[in-house]
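Undergrad: Here it is: the structure, laid out below.
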Amino acid sequence: MSILPDFSLKHPSTIEQAVAAIRTDPAGRFIAGGTDLIANMRRGLVDARTLIDLTGIMELRELDADAKGLRIGSAVTLREMTGNADLRVRYGAIAQACEAIAGPGHRAAATVGGNLCLDTRCLYYNQSEWWRKSNNYCLKYKGKICHVAPQGNRCRAAFSGDLAPALMVHDAEVDVAGPEGRRRFALRALYREDGADHLTLAPGEFVVAIHIPPGNPSALLSAYAKIRIRGAIDFPLAGVAVACETAVCRSRWR
Ligand SMILES: Cc1cc2nc3c(=O)[nH]c(=O)nc-3n(C[C@H](O)[C@H](O)[C@H](O)COP(=O)(O)OP(=O)(O)OC[C@H]3O[C@@H](n4cnc5c(N)ncnc54)[C@H](O)[C@@H]3O)c2cc1C
Ligand code: SF4
């Protein structure tokens, strides 16, 4: 891996300051735990001179469960998620997905927002700069061809985040902020079928929180499983989340 390029780091302590920071430098990137972004910067996949650290914004660090449902701030770490007793009991798939991500050291820093906004992955993309250059790069970054499907004109790099499907079976919504204000929409609408541009966030937008509605009958009956090459610290080849909502399913599952 190459040396990390120089960058400046901004530390907003409010959502408004983070929005102001990205307005001042639209080419900047948000960073949370850095477990994906820093590796990609070292590989030359991300060229950002300014990083905006979201982990100092207290509103993004809060994890609340009450009558309004579950609210997960985007900078809550995966370790905080797995350590939350209420989450483990009532939202099984979410707790299991968090536990299946990377290793304990990664989970101590890695966040929910970073996992949801993880870059897509491909054998021809997650390589060093010299490796990709010697292959004339590819459609996703700097190149004109897809090495996976050379006849095609669309990148098929896969999204490998474990958490999104687990949140989706609990009807999660995502709250985002950016230069055009705040908006909230179904988590499934955060993604589109394009490996080179898979997030529907507008320029400068970032994830503030995830909301899960209250009284979800599937709460006790959801689960997440993944298939991966190594038994631990590995991205999913496939990840499946399920939630069972009816009384019949409930009795069969137990
Ligand atoms: C060895 C190893 C194994 C791994 N295994 C897995 C695995 O099994 N499953 C898995 O899902 N992931 C895995 N990962 C990837 C990564 O560690 C996790 O997905 C982690 O949750 C990313 O969170 P982060 O806070 O570190 O993100 P960062 O690296 O800080 O950010 C990731 C991306 O999200 C953007 N971003 C961060 N926060 C926000 C926000 N609030 N709003 C908008 N954009 C944001 C950043 O700009 C960046 O593009 C692995 C990583 C490593 C190094
Ligand atoms: S364009 Fe996408 S799918 Fe094709 S080689 Fe590049 S990263 Fe892989």
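If you're wondering about the labels, chains in the structure tokens are A, B, ... by order shown, residues count from 1 in each chain, ligands from 1 in order shown.
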Could you report the residues within 12 Å of ligand 2, using only C-alpha atoms and all ligand atoms, as an NGL selection string?
TA: :A and (45 or 119-127 or 132 or 135-159 or 193-198)
Undergrad: Excluding Ala110 (chain A) and residues on its chain fewer than 5 positions from it, collect all residues at most 9 Å away from it, counting only C-alpha atoms, and give them as a list in words.
TA: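 The residues satisfying every condition are Ala32, Gly33, Gly34, Thr35, Asp36, Ala75, Val76, Thr77, Leu78, Arg79, Gly105 and Asn115 of chain A.
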Undergrad: Give me, please, the distance in Å between CA of Gly239 (chain A) and CA of Ala166 (chain A), quoted to one decimal.
TA: 9.1 Å
Undergrad: Using only C-alpha atoms and all ligand atoms, I'd like a table of the residues in chain A that come within 6 Å of ligand 1; for each, show the closest atom pair and its distance in Å rounded to one decimal, ordered by chain and ascending number, as a tab-separated table.
TA:
residue	atom	partner	partner_atom_place_in_ligand_line	distance
A:Arg29	CA	ligand 1	47 (O)	5.1
A:Phe30	CA	ligand 1	47 (O)	4.2
A:Ile31	CA	ligand 1	30 (O)	4.0
A:Ala32	CA	ligand 1	30 (O)	3.6
A:Gly33	CA	ligand 1	25 (O)	3.4
A:Gly34	CA	ligand 1	29 (O)	3.3
A:Thr35	CA	ligand 1	26 (O)	3.7
A:Asp36	CA	ligand 1	29 (O)	3.5
A:Leu37	CA	ligand 1	29 (O)	3.8
A:Ser74	CA	ligand 1	41 (N)	5.0
A:Ile101	CA	ligand 1	8 (O)	3.8
A:Ala102	CA	ligand 1	5 (N)	3.4
A:His106	CA	ligand 1	17 (O)	5.8
A:Ala110	CA	ligand 1	26 (O)	3.7
A:Thr111	CA	ligand 1	25 (O)	3.7
A:Val112	CA	ligand 1	21 (O)	5.8
A:Gly113	CA	ligand 1	41 (N)	4.1
A:Gly114	CA	ligand 1	27 (O)	3.3
A:Asn115	CA	ligand 1	21 (O)	3.5
A:Cys117	CA	ligand 1	34 (O)	4.1
A:Leu118	CA	ligand 1	33 (C)	4.4
A:Asp119	CA	ligand 1	49 (O)	5.9
A:Ser160	CA	ligand 1	11 (O)	5.6
A:Gly161	CA	ligand 1	11 (O)	3.3
A:Asp162	CA	ligand 1	11 (O)	4.2
A:Phe206	CA	ligand 1	42 (N)	3.5
A:Val207	CA	ligand 1	42 (N)	3.8
A:Val208	CA	ligand 1	41 (N)	5.8
A:Ile233	CA	ligand 1	3 (C)	5.0
A:Asp234	CA	ligand 1	8 (O)	4.3
A:Phe235	CA	ligand 1	8 (O)	3.5
A:Pro236	CA	ligand 1	8 (O)	5.9
Undergrad: Filtering to N, CA, C and O atoms, could you give me those residues as a tab-separated table (two decimals), in the first residue's frame?
TA:
chain	number	residue	atom	x	y	z
A	29	ARG	N	-14.29	15.23	2.01
A	29	ARG	CA	-15.01	13.97	2.29
A	29	ARG	C	-15.30	13.86	3.77
A	29	ARG	O	-14.50	14.28	4.61
A	30	PHE	N	-16.42	13.27	4.09
A	30	PHE	CA	-16.74	12.99	5.49
A	30	PHE	C	-15.98	11.76	5.92
A	30	PHE	O	-15.82	10.80	5.15
A	31	ILE	N	-15.54	11.77	7.16
A	31	ILE	CA	-14.89	10.60	7.73
A	31	ILE	C	-15.51	10.32	9.10
A	31	ILE	O	-15.84	11.25	9.84
A	32	ALA	N	-15.65	9.03	9.42
A	32	ALA	CA	-16.15	8.65	10.75
A	32	ALA	C	-15.06	7.79	11.39
A	32	ALA	O	-14.05	8.31	11.85
A	33	GLY	N	-15.21	6.46	11.38
A	33	GLY	CA	-14.16	5.61	11.96
A	33	GLY	C	-12.92	5.53	11.09
A	33	GLY	O	-11.83	5.21	11.57
A	34	GLY	N	-13.07	5.78	9.80
A	34	GLY	CA	-11.93	5.76	8.87
A	34	GLY	C	-11.47	4.37	8.45
A	34	GLY	O	-10.49	4.23	7.72
A	35	THR	N	-12.17	3.32	8.88
A	35	THR	CA	-11.68	1.96	8.60
A	35	THR	C	-11.78	1.60	7.12
A	35	THR	O	-11.07	0.71	6.65
A	36	ASP	N	-12.64	2.25	6.37
A	36	ASP	CA	-12.73	2.03	4.93
A	36	ASP	C	-12.06	3.18	4.18
A	36	ASP	O	-11.26	2.96	3.27
A	37	LEU	N	-12.35	4.40	4.59
A	37	LEU	CA	-11.88	5.57	3.84
A	37	LEU	C	-10.35	5.68	3.83
A	37	LEU	O	-9.75	5.95	2.77
A	74	SER	N	-25.58	8.38	13.41
A	74	SER	CA	-24.71	7.75	12.40
A	74	SER	C	-23.29	7.52	12.91
A	74	SER	O	-22.57	6.67	12.38
A	101	ILE	N	-19.39	-7.84	11.46
A	101	ILE	CA	-18.60	-6.90	10.66
A	101	ILE	C	-17.15	-6.85	11.15
A	101	ILE	O	-16.90	-6.62	12.34
A	102	ALA	N	-16.22	-7.06	10.24
A	102	ALA	CA	-14.78	-6.92	10.51
A	102	ALA	C	-14.38	-7.61	11.82
A	102	ALA	O	-14.90	-8.68	12.14
A	106	HIS	N	-11.68	-3.17	14.67
A	106	HIS	CA	-12.37	-2.32	13.69
A	106	HIS	C	-13.68	-1.79	14.28
A	106	HIS	O	-14.01	-0.62	14.14
A	110	ALA	N	-15.29	1.75	13.91
A	110	ALA	CA	-16.22	1.79	12.76
A	110	ALA	C	-17.62	2.20	13.21
A	110	ALA	O	-18.09	1.81	14.27
A	111	THR	N	-18.29	2.96	12.35
A	111	THR	CA	-19.60	3.51	12.71
A	111	THR	C	-20.71	2.98	11.82
A	111	THR	O	-20.47	2.42	10.74
A	112	VAL	N	-21.92	3.22	12.28
A	112	VAL	CA	-23.12	2.83	11.51
A	112	VAL	C	-23.17	3.61	10.19
A	112	VAL	O	-23.38	3.03	9.12
A	113	GLY	N	-22.95	4.92	10.24
A	113	GLY	CA	-23.00	5.74	9.02
A	113	GLY	C	-21.95	5.33	8.02
A	113	GLY	O	-22.21	5.24	6.81
A	114	GLY	N	-20.75	5.04	8.51
A	114	GLY	CA	-19.67	4.61	7.61
A	114	GLY	C	-20.00	3.28	6.97
A	114	GLY	O	-19.69	3.06	5.79
A	115	ASN	N	-20.64	2.41	7.72
A	115	ASN	CA	-21.01	1.11	7.15
A	115	ASN	C	-22.07	1.27	6.08
A	115	ASN	O	-22.01	0.62	5.02
A	117	CYS	N	-22.52	3.82	4.21
A	117	CYS	CA	-21.99	4.59	3.07
A	117	CYS	C	-20.67	4.01	2.55
A	117	CYS	O	-19.94	4.69	1.81
A	118	LEU	N	-20.42	2.78	2.93
A	118	LEU	CA	-19.23	2.06	2.47
A	118	LEU	C	-19.14	2.10	0.94
A	118	LEU	O	-20.16	1.98	0.27
A	119	ASP	N	-17.94	2.25	0.43
A	119	ASP	CA	-17.76	2.20	-1.02
A	119	ASP	C	-18.03	0.77	-1.52
A	119	ASP	O	-17.91	-0.19	-0.77
A	160	SER	N	-20.95	-4.16	-0.07
A	160	SER	CA	-20.68	-5.28	0.85
A	160	SER	C	-20.94	-4.94	2.31
A	160	SER	O	-20.39	-5.57	3.19
A	161	GLY	N	-21.77	-3.97	2.56
A	161	GLY	CA	-22.09	-3.62	3.95
A	161	GLY	C	-23.05	-4.65	4.55
A	161	GLY	O	-24.03	-5.04	3.91
A	162	ASP	N	-22.77	-5.07	5.76
A	162	ASP	CA	-23.63	-6.06	6.42
A	162	ASP	C	-24.88	-5.45	7.03
A	162	ASP	O	-25.91	-6.11	7.16
A	206	PHE	N	-24.83	14.18	4.28
A	206	PHE	CA	-24.32	13.08	5.10
A	206	PHE	C	-25.44	12.51	5.96
A	206	PHE	O	-26.47	13.15	6.18
A	207	VAL	N	-25.23	11.28	6.42
A	207	VAL	CA	-26.25	10.59	7.22
A	207	VAL	C	-26.16	11.09	8.66
A	207	VAL	O	-25.08	11.07	9.27
A	208	VAL	N	-27.29	11.52	9.20
A	208	VAL	CA	-27.36	11.98	10.59
A	208	VAL	C	-27.76	10.84	11.51
A	208	VAL	O	-27.14	10.60	12.54
A	233	ILE	N	-13.53	-11.68	10.19
A	233	ILE	CA	-12.91	-10.49	9.58
A	233	ILE	C	-12.95	-10.57	8.06
A	233	ILE	O	-11.94	-10.48	7.37
A	234	ASP	N	-14.14	-10.75	7.52
A	234	ASP	CA	-14.26	-10.80	6.07
A	234	ASP	C	-15.61	-10.24	5.62
A	234	ASP	O	-16.62	-10.42	6.29
A	235	PHE	N	-15.57	-9.58	4.47
A	235	PHE	CA	-16.80	-9.01	3.90
A	235	PHE	C	-17.74	-10.15	3.47
A	235	PHE	O	-17.28	-11.25	3.17
A	236	PRO	N	-19.03	-9.86	3.39
A	236	PRO	CA	-19.96	-10.92	2.97
A	236	PRO	C	-19.89	-11.17	1.46
A	236	PRO	O	-19.82	-10.22	0.68
Undergrad: Go through A:Asp25, A:Glu16, A:Asp53, A:Glu129 and flag the residue nearest Ala177 (chain A), using only C-alpha atoms for the distances.
TA: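 Comparing A:Asp25, A:Glu16, A:Asp53, A:Glu129 against Ala177 (chain A), the winner is A:Glu16.
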Undergrad: So how many Å separate CA of Leu63 (chain A) and CA of His211 (chain A), to one decimal?
TA: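 We find that CA of Leu63 (chain A) and CA of His211 (chain A) lie 10.2 Å from each other.
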Undergrad: Please give the complete set of residues from region 115-235 of chain A that DSSP, run on the backbone, assigns to strand (DSSP E), formatted as a ChimeraX atom specification.
TA: /A:173-178,181-186,206-212,222-227
Undergrad: For Pro26 (chain A), which of A:Pro104, A:Val169, A:Pro179, A:Gly83 is the closest residue, counting only C-alpha atoms?
TA: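 Checking each candidate against Pro26 (chain A), we get A:Pro179 as the closest.
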Undergrad: When you look at Gly204 (chain A) with a cut-off of 12 Å (counting only C-alpha atoms), what residues show up, excluding the ones that are within fewer than 6 positions of it in the same chain? I need them as an mmCIF file with N, CA and C atoms, in the first residue's frame.
TA:
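Saved the output as selection.cif:
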data_model
loop_
_atom_site.group_PDB
_atom_site.id
_atom_site.type_symbol
_atom_site.label_atom_id
_atom_site.label_comp_id
_atom_site.auth_asym_id
_atom_site.auth_seq_id
_atom_site.Cartn_x
_atom_site.Cartn_y
_atom_site.Cartn_z
ATOM 1 N N ALA A 18 -20.723 21.127 10.274
ATOM 2 C CA ALA A 18 -20.326 20.141 9.257
ATOM 3 C C ALA A 18 -20.831 20.565 7.878
ATOM 4 N N VAL A 19 -22.062 21.078 7.848
ATOM 5 C CA VAL A 19 -22.619 21.551 6.568
ATOM 6 C C VAL A 19 -21.801 22.745 6.061
ATOM 7 N N ALA A 20 -21.450 23.652 6.988
ATOM 8 C CA ALA A 20 -20.645 24.823 6.582
ATOM 9 C C ALA A 20 -19.289 24.370 6.043
ATOM 10 N N ALA A 21 -18.711 23.340 6.661
ATOM 11 C CA ALA A 21 -17.388 22.860 6.223
ATOM 12 C C ALA A 21 -17.444 22.295 4.812
ATOM 13 N N ILE A 22 -18.497 21.552 4.493
ATOM 14 C CA ILE A 22 -18.568 20.953 3.145
ATOM 15 C C ILE A 22 -18.953 22.018 2.114
ATOM 16 N N ARG A 23 -19.679 23.041 2.568
ATOM 17 C CA ARG A 23 -19.984 24.156 1.654
ATOM 18 C C ARG A 23 -18.690 24.876 1.260
ATOM 19 N N THR A 24 -17.801 25.066 2.245
ATOM 20 C CA THR A 24 -16.544 25.767 1.986
ATOM 21 C C THR A 24 -15.645 24.944 1.066
ATOM 22 N N ASP A 25 -15.697 23.623 1.219
ATOM 23 C CA ASP A 25 -14.819 22.759 0.424
ATOM 24 C C ASP A 25 -15.626 21.579 -0.123
ATOM 25 N N PRO A 26 -16.366 21.789 -1.235
ATOM 26 C CA PRO A 26 -17.256 20.751 -1.760
ATOM 27 C C PRO A 26 -16.524 19.469 -2.161
ATOM 28 N N ALA A 27 -15.204 19.539 -2.375
ATOM 29 C CA ALA A 27 -14.463 18.325 -2.744
ATOM 30 C C ALA A 27 -14.007 17.542 -1.515
ATOM 31 N N GLY A 28 -14.316 18.061 -0.319
ATOM 32 C CA GLY A 28 -13.941 17.362 0.911
ATOM 33 C C GLY A 28 -14.742 16.081 1.081
ATOM 34 N N ARG A 29 -14.293 15.230 2.013
ATOM 35 C CA ARG A 29 -15.007 13.971 2.290
ATOM 36 C C ARG A 29 -15.303 13.863 3.772
ATOM 37 N N PHE A 30 -16.422 13.272 4.086
ATOM 38 C CA PHE A 30 -16.741 12.994 5.485
ATOM 39 C C PHE A 30 -15.983 11.756 5.917
ATOM 40 N N ILE A 52 -13.701 15.774 6.800
ATOM 41 C CA ILE A 52 -14.566 16.375 7.820
ATOM 42 C C ILE A 52 -14.994 15.259 8.768
ATOM 43 N N VAL A 176 -30.950 12.596 6.733
ATOM 44 C CA VAL A 176 -29.705 13.156 6.193
ATOM 45 C C VAL A 176 -29.728 14.681 6.278
ATOM 46 N N ALA A 177 -28.527 15.263 6.302
ATOM 47 C CA ALA A 177 -28.396 16.728 6.317
ATOM 48 C C ALA A 177 -27.401 17.132 5.243
ATOM 49 N N GLY A 178 -27.567 18.343 4.725
ATOM 50 C CA GLY A 178 -26.645 18.827 3.696
ATOM 51 C C GLY A 178 -26.916 20.285 3.401
ATOM 52 N N PRO A 179 -26.217 20.838 2.405
ATOM 53 C CA PRO A 179 -26.373 22.256 2.082
ATOM 54 C C PRO A 179 -27.805 22.646 1.741
ATOM 55 N N GLU A 180 -28.620 21.700 1.276
ATOM 56 C CA GLU A 180 -30.022 22.015 0.933
ATOM 57 C C GLU A 180 -30.976 21.738 2.079
ATOM 58 N N GLY A 181 -30.462 21.396 3.253
ATOM 59 C CA GLY A 181 -31.329 21.168 4.415
ATOM 60 C C GLY A 181 -31.391 19.712 4.832
ATOM 61 N N ARG A 182 -32.441 19.377 5.613
ATOM 62 C CA ARG A 182 -32.599 18.023 6.144
ATOM 63 C C ARG A 182 -33.689 17.297 5.366
#
Undergrad: Extract the full set of helix (DSSP H, G or I) residues from region 60-249 of chain A according to DSSP on the backbone, and format it as a compact mmCIF listing (two decimals) with N, CA, C and O atoms, in the first residue's frame.
TA:
# COMPACT_ATOMS: atom_id res chain seq x y z
N LEU A 60 -24.86 12.92 16.67
CA LEU A 60 -24.61 11.74 15.83
C LEU A 60 -24.12 10.56 16.67
O LEU A 60 -23.98 9.44 16.15
N LEU A 78 -19.94 0.41 15.99
CA LEU A 78 -20.49 -0.95 15.94
C LEU A 78 -20.32 -1.63 17.29
O LEU A 78 -21.15 -2.43 17.70
N ARG A 79 -19.28 -1.29 18.02
CA ARG A 79 -19.10 -1.87 19.35
C ARG A 79 -20.19 -1.38 20.31
O ARG A 79 -20.72 -2.15 21.10
N GLU A 80 -20.53 -0.10 20.20
CA GLU A 80 -21.62 0.42 21.03
C GLU A 80 -22.93 -0.28 20.68
O GLU A 80 -23.76 -0.56 21.55
N MET A 81 -23.12 -0.57 19.41
CA MET A 81 -24.34 -1.27 18.98
C MET A 81 -24.40 -2.66 19.60
O MET A 81 -25.42 -3.06 20.15
N THR A 82 -23.31 -3.41 19.48
CA THR A 82 -23.36 -4.81 19.97
C THR A 82 -23.43 -4.86 21.49
O THR A 82 -23.89 -5.84 22.05
N ALA A 85 -27.98 -3.79 25.25
CA ALA A 85 -28.82 -4.95 25.60
C ALA A 85 -30.18 -4.89 24.92
O ALA A 85 -30.68 -5.91 24.42
N ASP A 86 -30.78 -3.70 24.86
CA ASP A 86 -32.10 -3.55 24.26
C ASP A 86 -32.08 -3.95 22.77
O ASP A 86 -32.96 -4.63 22.26
N LEU A 87 -31.02 -3.54 22.12
CA LEU A 87 -30.86 -3.85 20.69
C LEU A 87 -30.75 -5.36 20.47
O LEU A 87 -31.37 -5.93 19.58
N ARG A 88 -30.00 -5.99 21.33
CA ARG A 88 -29.78 -7.44 21.18
C ARG A 88 -31.08 -8.21 21.35
O ARG A 88 -31.33 -9.19 20.66
N VAL A 89 -31.92 -7.73 22.27
CA VAL A 89 -33.17 -8.46 22.55
C VAL A 89 -34.23 -8.15 21.50
O VAL A 89 -34.90 -9.05 21.00
N ARG A 90 -34.37 -6.88 21.14
CA ARG A 90 -35.53 -6.49 20.31
C ARG A 90 -35.23 -6.39 18.82
O ARG A 90 -36.14 -6.38 17.99
N GLY A 92 -32.82 -8.36 16.75
CA GLY A 92 -31.82 -9.41 16.61
C GLY A 92 -30.96 -9.29 15.37
O GLY A 92 -29.73 -9.39 15.42
N ALA A 93 -31.60 -9.06 14.21
CA ALA A 93 -30.84 -9.01 12.94
C ALA A 93 -29.79 -7.91 12.98
O ALA A 93 -28.66 -8.08 12.49
N ILE A 94 -30.15 -6.76 13.58
CA ILE A 94 -29.23 -5.62 13.59
C ILE A 94 -28.02 -5.94 14.47
O ILE A 94 -26.86 -5.70 14.06
N ALA A 95 -28.28 -6.50 15.65
CA ALA A 95 -27.16 -6.85 16.54
C ALA A 95 -26.27 -7.91 15.90
O ALA A 95 -25.04 -7.82 15.94
N GLN A 96 -26.88 -8.91 15.25
CA GLN A 96 -26.09 -9.98 14.63
C GLN A 96 -25.26 -9.45 13.46
O GLN A 96 -24.11 -9.86 13.26
N ALA A 97 -25.85 -8.53 12.68
CA ALA A 97 -25.10 -7.96 11.55
C ALA A 97 -23.89 -7.16 12.06
O ALA A 97 -22.78 -7.29 11.53
N CYS A 98 -24.09 -6.36 13.12
CA CYS A 98 -22.98 -5.57 13.67
C CYS A 98 -21.86 -6.49 14.15
O CYS A 98 -20.67 -6.22 13.90
N GLU A 99 -22.24 -7.56 14.81
CA GLU A 99 -21.23 -8.50 15.34
C GLU A 99 -20.44 -9.19 14.24
O GLU A 99 -19.33 -9.65 14.46
N PRO A 104 -12.96 -7.11 16.22
CA PRO A 104 -13.24 -6.26 17.39
C PRO A 104 -12.55 -4.90 17.33
O PRO A 104 -13.13 -3.88 17.70
N GLY A 105 -11.29 -4.87 16.88
CA GLY A 105 -10.56 -3.60 16.79
C GLY A 105 -11.22 -2.64 15.81
O GLY A 105 -11.32 -1.43 16.07
N HIS A 106 -11.68 -3.17 14.67
CA HIS A 106 -12.37 -2.32 13.69
C HIS A 106 -13.68 -1.79 14.28
O HIS A 106 -14.01 -0.62 14.14
N ARG A 107 -14.42 -2.69 14.95
CA ARG A 107 -15.76 -2.31 15.45
C ARG A 107 -15.69 -1.23 16.52
O ARG A 107 -16.65 -0.51 16.76
N ALA A 108 -14.54 -1.13 17.20
CA ALA A 108 -14.40 -0.09 18.22
C ALA A 108 -14.39 1.30 17.58
O ALA A 108 -14.78 2.28 18.20
N ALA A 109 -13.95 1.39 16.33
CA ALA A 109 -13.89 2.70 15.65
C ALA A 109 -14.97 2.83 14.57
O ALA A 109 -15.50 3.92 14.35
N VAL A 112 -21.92 3.22 12.28
CA VAL A 112 -23.12 2.83 11.51
C VAL A 112 -23.17 3.61 10.19
O VAL A 112 -23.38 3.03 9.12
N GLY A 113 -22.95 4.92 10.24
CA GLY A 113 -23.00 5.74 9.02
C GLY A 113 -21.95 5.33 8.02
O GLY A 113 -22.21 5.24 6.81
N GLY A 114 -20.75 5.04 8.51
CA GLY A 114 -19.67 4.61 7.61
C GLY A 114 -20.00 3.28 6.97
O GLY A 114 -19.69 3.06 5.79
N ASN A 115 -20.64 2.41 7.72
CA ASN A 115 -21.01 1.11 7.15
C ASN A 115 -22.07 1.27 6.08
O ASN A 115 -22.01 0.62 5.02
N LEU A 116 -23.04 2.13 6.31
CA LEU A 116 -24.10 2.33 5.32
C LEU A 116 -23.57 3.02 4.06
O LEU A 116 -24.11 2.83 2.97
N GLU A 129 -2.54 1.52 -6.72
CA GLU A 129 -2.56 2.42 -7.87
C GLU A 129 -1.79 1.82 -9.06
O GLU A 129 -2.28 1.81 -10.18
N TRP A 130 -0.58 1.27 -8.79
CA TRP A 130 0.21 0.75 -9.92
C TRP A 130 -0.47 -0.45 -10.57
O TRP A 130 -0.40 -0.65 -11.78
N TRP A 131 -1.16 -1.27 -9.78
CA TRP A 131 -1.87 -2.45 -10.32
C TRP A 131 -2.99 -1.99 -11.24
O TRP A 131 -3.15 -2.48 -12.36
N ARG A 132 -3.77 -1.00 -10.75
CA ARG A 132 -4.91 -0.54 -11.56
C ARG A 132 -4.41 0.20 -12.81
O ARG A 132 -4.96 0.04 -13.89
N LYS A 133 -3.31 0.96 -12.64
CA LYS A 133 -2.77 1.70 -13.79
C LYS A 133 -2.30 0.74 -14.87
O LYS A 133 -2.52 0.95 -16.07
N SER A 134 -1.66 -0.35 -14.45
CA SER A 134 -1.14 -1.31 -15.43
C SER A 134 -2.29 -2.02 -16.16
O SER A 134 -2.08 -2.62 -17.21
N LEU A 163 -24.78 -4.20 7.43
CA LEU A 163 -25.84 -3.63 8.28
C LEU A 163 -27.11 -3.23 7.53
O LEU A 163 -28.22 -3.35 8.07
N ALA A 164 -26.97 -2.75 6.30
CA ALA A 164 -28.15 -2.20 5.59
C ALA A 164 -29.31 -3.20 5.50
O ALA A 164 -30.44 -2.85 5.83
N PRO A 165 -29.07 -4.47 5.07
CA PRO A 165 -30.23 -5.37 4.98
C PRO A 165 -30.89 -5.63 6.33
O PRO A 165 -32.12 -5.74 6.40
N ALA A 166 -30.08 -5.68 7.39
CA ALA A 166 -30.65 -5.92 8.73
C ALA A 166 -31.53 -4.74 9.16
O ALA A 166 -32.59 -4.92 9.76
N LEU A 167 -31.09 -3.53 8.85
CA LEU A 167 -31.91 -2.36 9.18
C LEU A 167 -33.17 -2.32 8.32
O LEU A 167 -34.25 -1.93 8.78
N MET A 168 -33.04 -2.74 7.07
CA MET A 168 -34.19 -2.67 6.16
C MET A 168 -35.33 -3.59 6.59
O MET A 168 -36.49 -3.22 6.45
N LEU A 187 -34.64 3.76 4.12
CA LEU A 187 -33.23 3.41 3.92
C LEU A 187 -33.00 2.76 2.55
O LEU A 187 -31.97 2.99 1.92
N ARG A 188 -33.98 1.97 2.08
CA ARG A 188 -33.76 1.29 0.78
C ARG A 188 -33.53 2.30 -0.34
O ARG A 188 -32.87 2.01 -1.32
N ALA A 189 -34.07 3.52 -0.19
CA ALA A 189 -33.91 4.55 -1.22
C ALA A 189 -32.53 5.21 -1.17
O ALA A 189 -32.22 6.06 -2.01
N LEU A 190 -31.71 4.80 -0.21
CA LEU A 190 -30.34 5.35 -0.16
C LEU A 190 -29.46 4.75 -1.26
O LEU A 190 -28.43 5.30 -1.61
N PRO A 217 -43.75 -5.74 15.19
CA PRO A 217 -43.97 -7.07 15.74
C PRO A 217 -42.84 -8.03 15.40
O PRO A 217 -42.72 -9.08 16.02
N SER A 218 -42.03 -7.67 14.40
CA SER A 218 -40.94 -8.58 14.04
C SER A 218 -39.73 -8.43 14.96
O SER A 218 -38.74 -9.12 14.80
N ALA A 219 -39.85 -7.51 15.92
CA ALA A 219 -38.66 -7.15 16.69
C ALA A 219 -37.97 -8.35 17.33
O ALA A 219 -36.75 -8.43 17.33
N LEU A 220 -38.73 -9.29 17.84
CA LEU A 220 -38.11 -10.42 18.50
C LEU A 220 -37.72 -11.52 17.52
O LEU A 220 -37.13 -12.51 17.89
N ALA A 247 -47.99 -14.44 13.84
CA ALA A 247 -48.00 -15.32 15.00
C ALA A 247 -47.62 -16.74 14.60
O ALA A 247 -46.97 -17.46 15.35
N VAL A 248 -48.00 -17.15 13.38
CA VAL A 248 -47.69 -18.51 12.92
C VAL A 248 -46.17 -18.67 12.80
O VAL A 248 -45.57 -19.63 13.31
N CYS A 249 -45.54 -17.69 12.15
CA CYS A 249 -44.08 -17.74 12.02
C CYS A 249 -43.44 -17.77 13.40
O CYS A 249 -42.50 -18.50 13.65
Undergrad: Kindly give the distance, in Å, that separates CA of Arg49 (chain A) and CA of His11 (chain A), rounded to a single decimal.
TA: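 CA of His11 (chain A) lies at a distance of 14.4 Å from CA of Arg49 (chain A).
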